[in-house]
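work_39.tsv, holding TSV, C-alpha atoms:
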```tsv
chain	number	residue	atom	x	y	z
A	1	MET	CA	0.00	0.00	0.00
A	2	ARG	CA	1.41	3.36	-1.01
A	3	LYS	CA	1.30	6.20	1.47
A	4	ILE	CA	0.96	9.92	1.78
A	5	SER	CA	3.47	11.39	4.22
A	6	VAL	CA	4.20	14.76	5.70
A	7	PHE	CA	7.82	15.71	6.24
A	8	ASN	CA	8.28	18.90	8.17
A	9	HIS	CA	10.57	20.68	10.54
A	10	VAL	CA	8.76	22.06	13.57
A	11	THR	CA	9.86	24.28	16.42
A	12	VAL	CA	9.25	23.29	20.03
A	13	ASP	CA	6.31	25.73	20.02
A	14	GLY	CA	4.74	24.08	16.98
A	15	PHE	CA	5.62	26.33	14.05
A	16	PHE	CA	6.78	24.98	10.70
A	17	ALA	CA	7.72	28.47	9.44
A	18	GLY	CA	8.05	32.02	10.70
A	19	PRO	CA	5.29	34.63	10.19
A	20	ASN	CA	6.41	35.26	6.60
A	21	GLY	CA	7.44	31.71	5.87
A	22	GLU	CA	10.95	32.18	7.28
A	23	ILE	CA	13.03	29.06	7.75
A	24	ASP	CA	16.19	30.83	8.88
A	25	TRP	CA	15.87	28.97	12.21
A	26	PHE	CA	16.94	25.82	10.38
A	27	LYS	CA	20.43	27.23	10.88
A	28	VAL	CA	20.51	25.92	14.47
A	29	ILE	CA	20.61	22.41	13.00
A	30	LYS	CA	24.24	21.45	13.18
A	31	LYS	CA	25.88	19.21	10.66
A	32	ASP	CA	25.53	15.58	11.64
A	33	ASP	CA	26.49	12.61	9.51
A	34	GLU	CA	23.76	10.35	10.77
A	35	TRP	CA	21.15	13.02	10.17
A	36	GLU	CA	22.39	13.66	6.65
A	37	LYS	CA	22.31	9.98	5.94
A	38	TYR	CA	18.74	9.82	7.13
A	39	THR	CA	17.49	12.77	5.05
A	40	HIS	CA	19.25	11.56	1.93
A	41	GLY	CA	17.85	8.09	2.45
A	42	GLN	CA	14.37	9.59	2.69
A	43	ALA	CA	14.91	11.65	-0.43
A	44	LYS	CA	16.05	8.63	-2.42
A	45	SER	CA	12.93	6.69	-1.57
A	46	GLY	CA	11.38	8.01	-4.77
A	47	SER	CA	8.30	9.74	-3.48
A	48	ALA	CA	6.36	12.34	-5.46
A	49	LEU	CA	6.65	15.72	-3.75
A	50	MET	CA	3.65	17.89	-3.00
A	51	PHE	CA	3.59	21.57	-2.20
A	52	GLY	CA	1.37	24.56	-1.78
A	53	HIS	CA	2.09	27.64	-3.83
A	54	THR	CA	4.42	29.29	-1.29
A	55	THR	CA	6.63	26.29	-0.63
A	56	TYR	CA	6.68	25.49	-4.33
A	57	GLU	CA	8.04	28.94	-5.20
A	58	MET	CA	10.66	28.62	-2.50
A	59	MET	CA	11.77	25.21	-3.75
A	60	LYS	CA	11.81	26.42	-7.34
A	61	SER	CA	13.93	29.44	-6.48
A	62	TYR	CA	16.57	27.26	-4.84
A	63	TRP	CA	16.93	23.66	-6.00
A	64	PRO	CA	17.40	24.14	-9.79
A	65	THR	CA	20.11	26.78	-9.25
A	66	PRO	CA	23.81	26.07	-9.76
A	67	ASP	CA	24.39	26.90	-6.08
A	68	ALA	CA	22.05	24.20	-4.87
A	69	ILE	CA	23.37	21.68	-7.36
A	70	LYS	CA	26.89	22.43	-6.17
A	71	ASN	CA	26.12	22.47	-2.42
A	72	ASP	CA	23.96	19.40	-2.26
A	73	PRO	CA	24.09	17.56	-5.58
A	74	GLY	CA	22.31	14.45	-4.33
A	75	MET	CA	19.35	16.25	-2.87
A	76	ALA	CA	19.15	18.71	-5.77
A	77	LYS	CA	18.93	15.84	-8.23
A	78	VAL	CA	16.13	14.19	-6.28
A	79	VAL	CA	14.09	17.38	-5.84
A	80	ASN	CA	14.60	18.58	-9.40
A	81	ASN	CA	13.69	15.29	-11.04
A	82	SER	CA	11.02	13.86	-8.71
A	83	PRO	CA	7.41	14.19	-9.75
A	84	LYS	CA	6.11	17.39	-8.18
A	85	ILE	CA	2.51	18.32	-7.54
A	86	VAL	CA	1.63	21.93	-6.78
A	87	PHE	CA	-1.72	22.88	-5.31
A	88	SER	CA	-2.77	26.42	-6.07
A	89	LYS	CA	-5.99	28.16	-6.90
A	90	THR	CA	-4.18	31.16	-8.34
A	91	LEU	CA	-1.24	29.80	-10.31
A	92	GLN	CA	-2.21	29.61	-13.99
A	93	SER	CA	0.62	27.42	-15.14
A	94	VAL	CA	3.90	25.94	-14.02
A	95	GLU	CA	7.07	26.31	-15.99
A	96	GLU	CA	9.54	23.53	-16.39
A	97	GLY	CA	13.23	24.17	-16.99
A	98	PRO	CA	16.27	22.09	-17.85
A	99	ASN	CA	16.84	21.40	-14.14
A	100	TRP	CA	13.23	21.60	-13.00
A	101	LYS	CA	10.99	18.90	-14.37
A	102	ASN	CA	8.00	16.72	-13.85
A	103	ILE	CA	5.52	19.23	-12.45
A	104	THR	CA	1.76	18.93	-12.20
A	105	LEU	CA	-0.48	21.83	-11.21
A	106	LEU	CA	-3.74	21.07	-9.43
A	107	HIS	CA	-6.24	23.80	-8.55
A	108	GLU	CA	-8.21	21.80	-6.00
A	109	ILE	CA	-7.57	19.02	-3.54
A	110	GLU	CA	-9.94	16.31	-4.76
A	111	PRO	CA	-9.68	13.31	-2.43
A	112	GLU	CA	-10.59	10.82	-5.14
A	113	GLU	CA	-8.02	12.20	-7.50
A	114	ILE	CA	-5.38	12.16	-4.75
A	115	LEU	CA	-6.14	8.55	-3.84
A	116	LYS	CA	-5.83	7.61	-7.48
A	117	LEU	CA	-2.43	9.27	-7.71
A	118	LYS	CA	-1.45	7.46	-4.52
A	119	GLU	CA	-2.06	4.11	-6.20
A	120	GLU	CA	0.87	4.90	-8.45
A	121	GLU	CA	3.41	6.34	-6.04
A	122	ASP	CA	4.21	7.39	-2.50
A	123	MET	CA	3.61	11.06	-1.98
A	124	THR	CA	5.26	13.44	0.47
A	125	ILE	CA	4.13	16.91	1.45
A	126	LEU	CA	7.03	19.21	2.29
A	127	GLY	CA	6.45	22.48	4.18
A	128	SER	CA	3.08	23.70	2.88
A	129	GLY	CA	1.12	24.00	6.13
A	130	THR	CA	-2.19	24.83	4.47
A	131	ILE	CA	-1.92	21.71	2.31
A	132	VAL	CA	-1.02	19.56	5.32
A	133	GLN	CA	-4.04	20.93	7.20
A	134	GLN	CA	-6.46	20.27	4.35
A	135	PHE	CA	-5.08	16.78	3.75
A	136	ALA	CA	-5.28	16.04	7.49
A	137	ASN	CA	-8.89	17.14	7.69
A	138	LEU	CA	-9.72	14.94	4.67
A	139	ASN	CA	-8.06	11.93	6.40
A	140	LEU	CA	-5.58	11.70	3.54
A	141	ILE	CA	-2.39	11.58	5.62
A	142	ASP	CA	-0.89	8.20	6.44
A	143	GLU	CA	2.24	9.34	8.21
A	144	TYR	CA	3.87	12.35	9.78
A	145	ALA	CA	7.63	12.68	10.00
A	146	LEU	CA	8.25	15.69	12.22
A	147	VAL	CA	11.72	16.99	12.86
A	148	VAL	CA	11.71	18.85	16.16
A	149	VAL	CA	14.26	21.64	16.07
A	150	PRO	CA	15.32	22.88	19.53
A	151	VAL	CA	14.02	26.40	19.09
A	152	ILE	CA	11.12	28.33	20.57
A	153	LEU	CA	10.30	30.70	17.74
A	154	GLY	CA	7.65	32.86	19.37
A	155	ALA	CA	5.75	33.63	16.16
A	156	GLY	CA	4.94	31.95	12.90
A	157	LYS	CA	2.71	29.47	11.16
A	158	TYR	CA	1.38	26.55	13.16
A	159	LEU	CA	1.69	23.21	11.44
A	160	PHE	CA	-1.55	21.88	12.95
A	161	LYS	CA	-3.62	25.05	12.60
A	162	ASP	CA	-7.32	24.16	12.57
A	163	VAL	CA	-6.61	20.46	12.23
A	164	LYS	CA	-9.42	18.44	13.74
A	165	ASN	CA	-9.07	16.36	16.90
A	166	THR	CA	-7.00	13.31	15.89
A	167	ASN	CA	-5.39	10.46	17.78
A	168	LEU	CA	-2.10	9.16	16.47
A	169	LYS	CA	0.06	6.13	16.87
A	170	LEU	CA	3.69	6.79	17.67
A	171	VAL	CA	5.86	4.80	15.28
A	172	GLU	CA	9.26	6.05	16.26
A	173	ALA	CA	11.06	8.77	18.18
A	174	LYS	CA	14.72	9.15	17.42
A	175	ALA	CA	17.21	11.72	18.62
A	176	PHE	CA	20.21	12.66	16.55
A	177	LYS	CA	23.51	13.85	18.00
A	178	ASN	CA	22.92	17.36	16.73
A	179	GLY	CA	19.95	17.70	19.07
A	180	ILE	CA	17.10	17.25	16.68
A	181	VAL	CA	14.43	14.66	17.28
A	182	LEU	CA	12.51	12.87	14.59
A	183	LEU	CA	8.96	11.94	15.56
A	184	ASN	CA	7.05	9.53	13.39
A	185	TYR	CA	3.30	9.13	13.76
A	186	GLN	CA	0.41	7.51	11.95
A	187	PRO	CA	-2.99	9.10	12.36
A	188	ILE	CA	-5.58	6.64	13.67
A	189	LYS	CA	-8.36	6.98	11.11
B	1	MET	CA	42.94	19.78	50.59
B	2	GLY	CA	41.87	23.06	51.95
B	3	VAL	CA	41.64	25.16	48.79
B	4	ILE	CA	38.17	23.99	47.91
B	5	PRO	CA	35.98	23.19	50.88
B	6	THR	CA	34.61	19.67	50.71
B	7	ASN	CA	31.14	21.07	50.21
B	8	GLY	CA	32.44	23.71	47.79
B	9	TRP	CA	30.50	22.59	44.76
B	10	LYS	CA	27.25	22.50	46.68
B	11	VAL	CA	27.71	26.12	47.65
B	12	VAL	CA	27.96	27.37	44.07
B	13	LYS	CA	25.37	25.09	42.53
B	14	MET	CA	22.13	27.00	41.92
B	15	ARG	CA	18.80	25.27	42.16
B	16	LYS	CA	17.25	24.64	38.80
B	17	VAL	CA	13.78	25.70	37.80
B	18	ILE	CA	12.30	22.82	35.87
B	19	VAL	CA	9.16	23.11	33.82
B	20	SER	CA	7.49	19.74	33.39
B	21	GLU	CA	4.46	19.65	31.15
B	22	PHE	CA	1.96	17.45	29.44
B	23	VAL	CA	1.47	18.73	25.89
B	24	THR	CA	-0.32	17.51	22.81
B	25	LEU	CA	1.36	17.25	19.44
B	26	ASP	CA	-0.25	20.58	18.53
B	27	GLY	CA	1.20	22.21	21.65
B	28	VAL	CA	-1.90	22.36	23.85
B	29	MET	CA	-1.45	22.10	27.63
B	30	GLU	CA	-5.00	22.83	28.83
B	31	ASP	CA	-6.71	20.48	31.25
B	32	PRO	CA	-4.66	17.30	30.81
B	33	GLY	CA	-6.45	15.61	33.71
B	34	GLY	CA	-10.00	16.57	32.86
B	35	ALA	CA	-10.99	18.52	35.99
B	36	GLU	CA	-11.24	21.91	34.30
B	37	LYS	CA	-14.25	21.28	32.06
B	38	PHE	CA	-12.33	21.96	28.84
B	39	LYS	CA	-14.12	20.15	26.00
B	40	HIS	CA	-11.10	17.96	25.28
B	41	GLY	CA	-10.10	17.73	28.98
B	42	GLY	CA	-8.54	14.51	30.23
B	43	TRP	CA	-6.51	13.85	27.09
B	44	THR	CA	-3.60	12.33	29.03
B	45	MET	CA	-5.74	9.65	30.68
B	46	PRO	CA	-5.74	6.95	27.97
B	47	TYR	CA	-1.92	7.00	27.88
B	48	TRP	CA	-1.15	6.82	31.61
B	49	ASN	CA	1.00	3.85	32.59
B	50	GLU	CA	3.57	2.65	35.12
B	51	GLU	CA	6.47	4.16	33.21
B	52	ILE	CA	4.96	7.62	33.17
B	53	ALA	CA	4.03	7.27	36.84
B	54	LYS	CA	7.66	6.35	37.60
B	55	PHE	CA	8.94	9.30	35.62
B	56	LYS	CA	6.67	11.72	37.50
B	57	PHE	CA	7.59	10.08	40.80
B	58	ASP	CA	11.34	10.41	40.25
B	59	GLU	CA	10.91	13.98	39.15
B	60	LEU	CA	8.85	14.91	42.19
B	61	PHE	CA	11.35	13.32	44.57
B	62	ALA	CA	14.24	15.14	42.89
B	63	SER	CA	12.49	18.42	43.68
B	64	ASP	CA	11.88	20.03	47.02
B	65	ALA	CA	9.60	22.89	46.05
B	66	LEU	CA	6.70	23.41	43.71
B	67	LEU	CA	6.21	26.69	41.90
B	68	LEU	CA	2.69	27.12	40.59
B	69	GLY	CA	0.38	29.59	38.91
B	70	ARG	CA	-3.09	30.19	40.26
B	71	VAL	CA	-5.09	27.91	37.96
B	72	THR	CA	-2.85	24.89	38.44
B	73	TYR	CA	-2.51	25.59	42.16
B	74	GLN	CA	-6.25	25.66	42.66
B	75	GLY	CA	-6.64	22.43	40.74
B	76	PHE	CA	-3.92	20.74	42.80
B	77	ALA	CA	-5.21	22.17	46.10
B	78	ALA	CA	-8.64	20.74	45.37
B	79	ALA	CA	-7.33	17.30	44.46
B	80	TRP	CA	-4.23	16.37	46.47
B	81	PRO	CA	-5.12	16.86	50.15
B	82	SER	CA	-7.64	14.02	50.04
B	83	ARG	CA	-5.33	11.64	48.19
B	84	ALA	CA	-2.94	9.00	49.46
B	85	ASP	CA	-0.91	6.25	47.82
B	86	GLU	CA	1.52	3.58	48.92
B	87	GLU	CA	4.48	5.12	47.13
B	88	GLY	CA	4.08	8.42	48.94
B	89	PHE	CA	3.52	10.63	45.89
B	90	ALA	CA	0.47	12.35	47.38
B	91	ASP	CA	2.24	12.79	50.72
B	92	ARG	CA	5.10	14.53	48.99
B	93	MET	CA	2.77	16.75	46.97
B	94	ASN	CA	1.03	17.71	50.19
B	95	SER	CA	4.13	18.24	52.28
B	96	LEU	CA	6.49	20.05	49.87
B	97	PRO	CA	6.70	23.82	50.06
B	98	LYS	CA	4.49	25.35	47.38
B	99	TYR	CA	5.04	28.83	46.02
B	100	VAL	CA	1.97	30.22	44.34
B	101	VAL	CA	2.23	33.16	41.97
B	102	SER	CA	-0.99	35.15	41.83
B	103	THR	CA	-2.05	38.76	41.98
B	104	THR	CA	-5.66	37.89	42.80
B	105	LEU	CA	-5.53	35.15	45.41
B	106	LYS	CA	-5.87	36.51	48.95
B	107	GLU	CA	-4.74	33.44	50.79
B	108	VAL	CA	-3.52	29.92	50.20
B	109	GLU	CA	-4.84	27.09	52.34
B	110	TRP	CA	-3.15	23.94	51.04
B	111	ASN	CA	-0.48	22.74	53.46
B	112	ASN	CA	2.88	24.51	53.23
B	113	SER	CA	1.83	27.00	50.56
B	114	ARG	CA	2.91	30.60	50.35
B	115	LEU	CA	1.88	33.34	48.04
B	116	ILE	CA	4.12	35.35	45.72
B	117	LYS	CA	2.15	38.47	44.81
B	118	GLY	CA	4.59	40.64	42.95
B	119	ASN	CA	8.20	40.91	41.76
B	120	ILE	CA	7.98	37.41	40.37
B	121	ALA	CA	11.43	37.55	38.79
B	122	GLU	CA	13.05	38.72	42.00
B	123	GLU	CA	11.25	36.21	44.19
B	124	VAL	CA	12.05	33.30	41.91
B	125	SER	CA	15.68	34.38	41.63
B	126	LYS	CA	15.85	34.36	45.43
B	127	LEU	CA	14.38	30.87	45.57
B	128	LYS	CA	16.98	29.69	43.08
B	129	GLN	CA	19.77	30.96	45.28
B	130	GLN	CA	18.57	29.09	48.33
B	131	PRO	CA	20.14	25.71	48.89
B	132	GLY	CA	18.02	22.77	47.87
B	133	GLN	CA	16.89	20.43	45.13
B	134	ASP	CA	15.08	21.35	41.93
B	135	ILE	CA	12.14	23.74	41.87
B	136	LEU	CA	9.39	22.10	39.88
B	137	ILE	CA	6.73	23.83	37.81
B	138	ALA	CA	3.84	21.83	36.41
B	139	GLY	CA	1.04	23.26	34.27
B	140	SER	CA	0.97	26.99	35.13
B	141	GLY	CA	1.12	28.25	31.54
B	142	GLU	CA	0.97	31.97	32.39
B	143	LEU	CA	3.74	31.65	34.93
B	144	VAL	CA	5.94	29.67	32.57
B	145	ASN	CA	5.66	32.35	29.89
B	146	SER	CA	6.47	35.16	32.27
B	147	LEU	CA	9.47	33.30	33.71
B	148	MET	CA	10.68	32.60	30.17
B	149	GLN	CA	10.80	36.33	29.52
B	150	HIS	CA	13.06	36.71	32.52
B	151	ASP	CA	15.25	33.76	31.51
B	152	LEU	CA	14.50	32.04	34.79
B	153	ILE	CA	13.76	28.58	33.43
B	154	ASP	CA	16.62	26.12	33.33
B	155	GLU	CA	14.98	23.08	31.87
B	156	TYR	CA	11.88	22.10	29.92
B	157	ARG	CA	10.53	18.57	30.06
B	158	LEU	CA	7.71	18.05	27.64
B	159	LEU	CA	5.73	14.85	27.66
B	160	VAL	CA	4.32	14.93	24.15
B	161	TYR	CA	1.05	13.01	23.80
B	162	PRO	CA	0.15	11.42	20.46
B	163	VAL	CA	-2.91	13.52	19.93
B	164	VAL	CA	-3.89	16.64	18.03
B	165	LEU	CA	-6.71	18.49	19.81
B	166	GLY	CA	-7.28	21.34	17.39
B	167	SER	CA	-8.11	23.82	20.16
B	168	GLY	CA	-7.12	24.78	23.69
B	169	LYS	CA	-4.52	26.83	25.51
B	170	ARG	CA	-1.03	26.35	24.21
B	171	LEU	CA	1.96	26.03	26.50
B	172	PHE	CA	4.09	28.56	24.65
B	173	LYS	CA	2.57	31.94	24.01
B	174	GLU	CA	3.65	33.91	21.03
B	175	GLY	CA	6.39	36.46	21.60
B	176	THR	CA	9.26	34.58	23.20
B	177	ASN	CA	12.16	33.49	21.06
B	178	LYS	CA	14.76	31.08	22.40
B	179	THR	CA	17.27	28.54	21.24
B	180	LEU	CA	17.33	25.47	23.44
B	181	ARG	CA	19.82	22.73	24.00
B	182	PHE	CA	18.42	19.27	23.52
B	183	VAL	CA	19.04	17.02	26.53
B	184	GLU	CA	17.26	13.76	25.96
B	185	THR	CA	14.29	11.94	24.62
B	186	LYS	CA	12.54	8.94	26.06
B	187	THR	CA	9.74	6.91	24.58
B	188	PHE	CA	6.97	5.50	26.75
B	189	SER	CA	5.18	2.39	25.56
B	190	SER	CA	1.81	4.15	25.34
B	191	GLY	CA	3.14	6.47	22.64
B	192	VAL	CA	4.11	9.41	24.82
B	193	VAL	CA	7.52	10.94	24.11
B	194	LEU	CA	9.62	12.95	26.55
B	195	LEU	CA	11.52	15.82	24.96
B	196	SER	CA	13.81	17.59	27.35
B	197	PHE	CA	15.72	20.78	26.72
B	198	GLN	CA	17.89	23.23	28.60
B	199	SER	CA	17.83	26.99	28.16
B	200	VAL	CA	20.72	28.62	26.36
B	201	GLY	CA	19.75	31.99	24.96
B	202	LYS	CA	18.08	33.74	22.07
B	203	VAL	CA	18.15	32.58	18.45
B	204	GLY	CA	21.33	33.90	16.92
B	205	GLU	CA	23.22	34.11	20.19
B	206	LYS	CA	26.12	31.81	20.66
```

Is it possible to give me this structure as structure tokens?
Amino acid sequence: MRKISVFNHVTVDGFFAGPNGEIDWFKVIKKDDEWEKYTHGQAKSGSALMFGHTTYEMMKSYWPTPDAIKNDPGMAKVVNNSPKIVFSKTLQSVEEGPNWKNITLLHEIEPEEILKLKEEEDMTILGSGTIVQQFANLNLIDEYALVVVPVILGAGKYLFKDVKNTNLKLVEAKAFKNGIVLLNYQPIK
Amino acid sequence: MGVIPTNGWKVVKMRKVIVSEFVTLDGVMEDPGGAEKFKHGGWTMPYWNEEIAKFKFDELFASDALLLGRVTYQGFAAAWPSRADEEGFADRMNSLPKYVVSTTLKEVEWNNSRLIKGNIAEEVSKLKQQPGQDILIAGSGELVNSLMQHDLIDEYRLLVYPVVLGSGKRLFKEGTNKTLRFVETKTFSSGVVLLSFQSVGKVGEK
């Protein structure tokens, strides 16, 4: 059975991004071999990536650039070539480029359509709080992978904003030497 | 011998203020036990087990004072005096000194309680300088946030419950920005995860 996952960094106070989408607090994450191995392993698992408009634009402005390809060639290759689904009511079209391929634009989240796509591949939502929240409230999420970053941010966008009351099953909690903790949960549907 | 007195390290060691909380995955701390009539109240109950009881027991016995805000104090004061257990948890709750921070309470009746009415930062700093074990805060969301602003919290222990409530009072109010140092995590078999952190400073500070 294929699955739909959420992969997100969260602060100790529950934000996945600052008030304007800032992720500068990621900088407290220190380099750690085991952590890098884990994230690269995840990235190689061949999932389709899903985004909302904001996260999509951020990804697009970074990963296809020569800088990104130089700094993190493995991850850049995965992000640039993986199937990407963008949810946006306002975007009219999505442009592909030589390093930025395989993009589908959807204007609505149609559960039936999503479940059909899921039959073909695993799907992972990155960032994109509003998409996570809508998917969660439609019972479409099979797994959360939350990376707890040891920061209290004080302001920002809550990952679980307006998500309905849900019980979850803890699958794994793992601390890395750099002080981040990965929490893995499956919603009990 | 002689340069450092044998009890030298004890003299300089400050008591720690430890915040120990039940929180949901969406950061809510309201009414974990269900006595406060919150619509989702009692959300910790299905996950309670021996391991969590042991954790709370060890923590309580490593502390020799409780620091509480009004709401949590009133909840505790209504519940604990009539309780008893073989392990002595209730006895310790009832006998430990309790410092209650409130501007509205006129008096405190639970055994060994005293009221802190103003100058919270100063009063708590004084407590930290007294000799003793840890000073434990449970619940007390308002108090936690005001102590955070004064950098008076040394350690956060969050027991994260595998539940999203979707509403309720959050532990951390907006407005305080801090980098923490991760201490440890511990997984309980019912799906609760301990995340513990120490204070270090503001984001961007070294």

### Task
Please return, as a VMD selection string, all residues of chain A lying within 9 Å of chain B when only C-alpha atoms are considered.
chain A and resid 12 to 14 25 28 149 to 156 158 to 175 178 to 181 183 185 187

### Task
Please write as a list of chain:residue names the list of polymer residues whose atoms come within 9 Å of (0.9, 1.6, 3.5), counting only C-alpha atoms and keeping to the coordinates of the file.
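Every residue inside that radius is included here: A:Met1, A:Arg2, A:Lys3, A:Ile4, A:Asp122, A:Asp142.
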
### Task
Please measure the separation of CA of Gln74 (chain B) and CA of Thr104 (chain B), giving the value in Å to one decimal.
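For CA of Gln74 (chain B) relative to CA of Thr104 (chain B), the distance reads 12.2 Å.
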
#### Entry: Among listed residues A:Ile69, A:Ala145, A:Met50, A:Ile114, nearest Pro83 (chain A) (using all atoms listed in the file)
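The answer is A:Met50, which sits nearest to Pro83 (chain A).
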
### Task
Please measure the separation of CA of Leu96 (chain B) and CA of Leu66 (chain B), giving the value in Å to one decimal.
7.0 Å

### Query
How many Å lie between CA of Thr55 (chain A) and CA of Gly127 (chain A), rounded to one decimal?
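Straight-line distance from CA of Thr55 (chain A) to CA of Gly127 (chain A) works out to 6.1 Å.
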
For region 125-157 of chain A in the structure I just supplied, write out C-alpha atoms - as a CSV table (one decimal), in the first residue's frame.
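The resulting file, result_15.csv, is reproduced below:
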```csv
chain,number,residue,atom,x,y,z
A,125,ILE,CA,4.1,16.9,1.4
A,126,LEU,CA,7.0,19.2,2.3
A,127,GLY,CA,6.5,22.5,4.2
A,128,SER,CA,3.1,23.7,2.9
A,129,GLY,CA,1.1,24.0,6.1
A,130,THR,CA,-2.2,24.8,4.5
A,131,ILE,CA,-1.9,21.7,2.3
A,132,VAL,CA,-1.0,19.6,5.3
A,133,GLN,CA,-4.0,20.9,7.2
A,134,GLN,CA,-6.5,20.3,4.3
A,135,PHE,CA,-5.1,16.8,3.8
A,136,ALA,CA,-5.3,16.0,7.5
A,137,ASN,CA,-8.9,17.1,7.7
A,138,LEU,CA,-9.7,14.9,4.7
A,139,ASN,CA,-8.1,11.9,6.4
A,140,LEU,CA,-5.6,11.7,3.5
A,141,ILE,CA,-2.4,11.6,5.6
A,142,ASP,CA,-0.9,8.2,6.4
A,143,GLU,CA,2.2,9.3,8.2
A,144,TYR,CA,3.9,12.4,9.8
A,145,ALA,CA,7.6,12.7,10.0
A,146,LEU,CA,8.3,15.7,12.2
A,147,VAL,CA,11.7,17.0,12.9
A,148,VAL,CA,11.7,18.8,16.2
A,149,VAL,CA,14.3,21.6,16.1
A,150,PRO,CA,15.3,22.9,19.5
A,151,VAL,CA,14.0,26.4,19.1
A,152,ILE,CA,11.1,28.3,20.6
A,153,LEU,CA,10.3,30.7,17.7
A,154,GLY,CA,7.6,32.9,19.4
A,155,ALA,CA,5.8,33.6,16.2
A,156,GLY,CA,4.9,32.0,12.9
A,157,LYS,CA,2.7,29.5,11.2
```
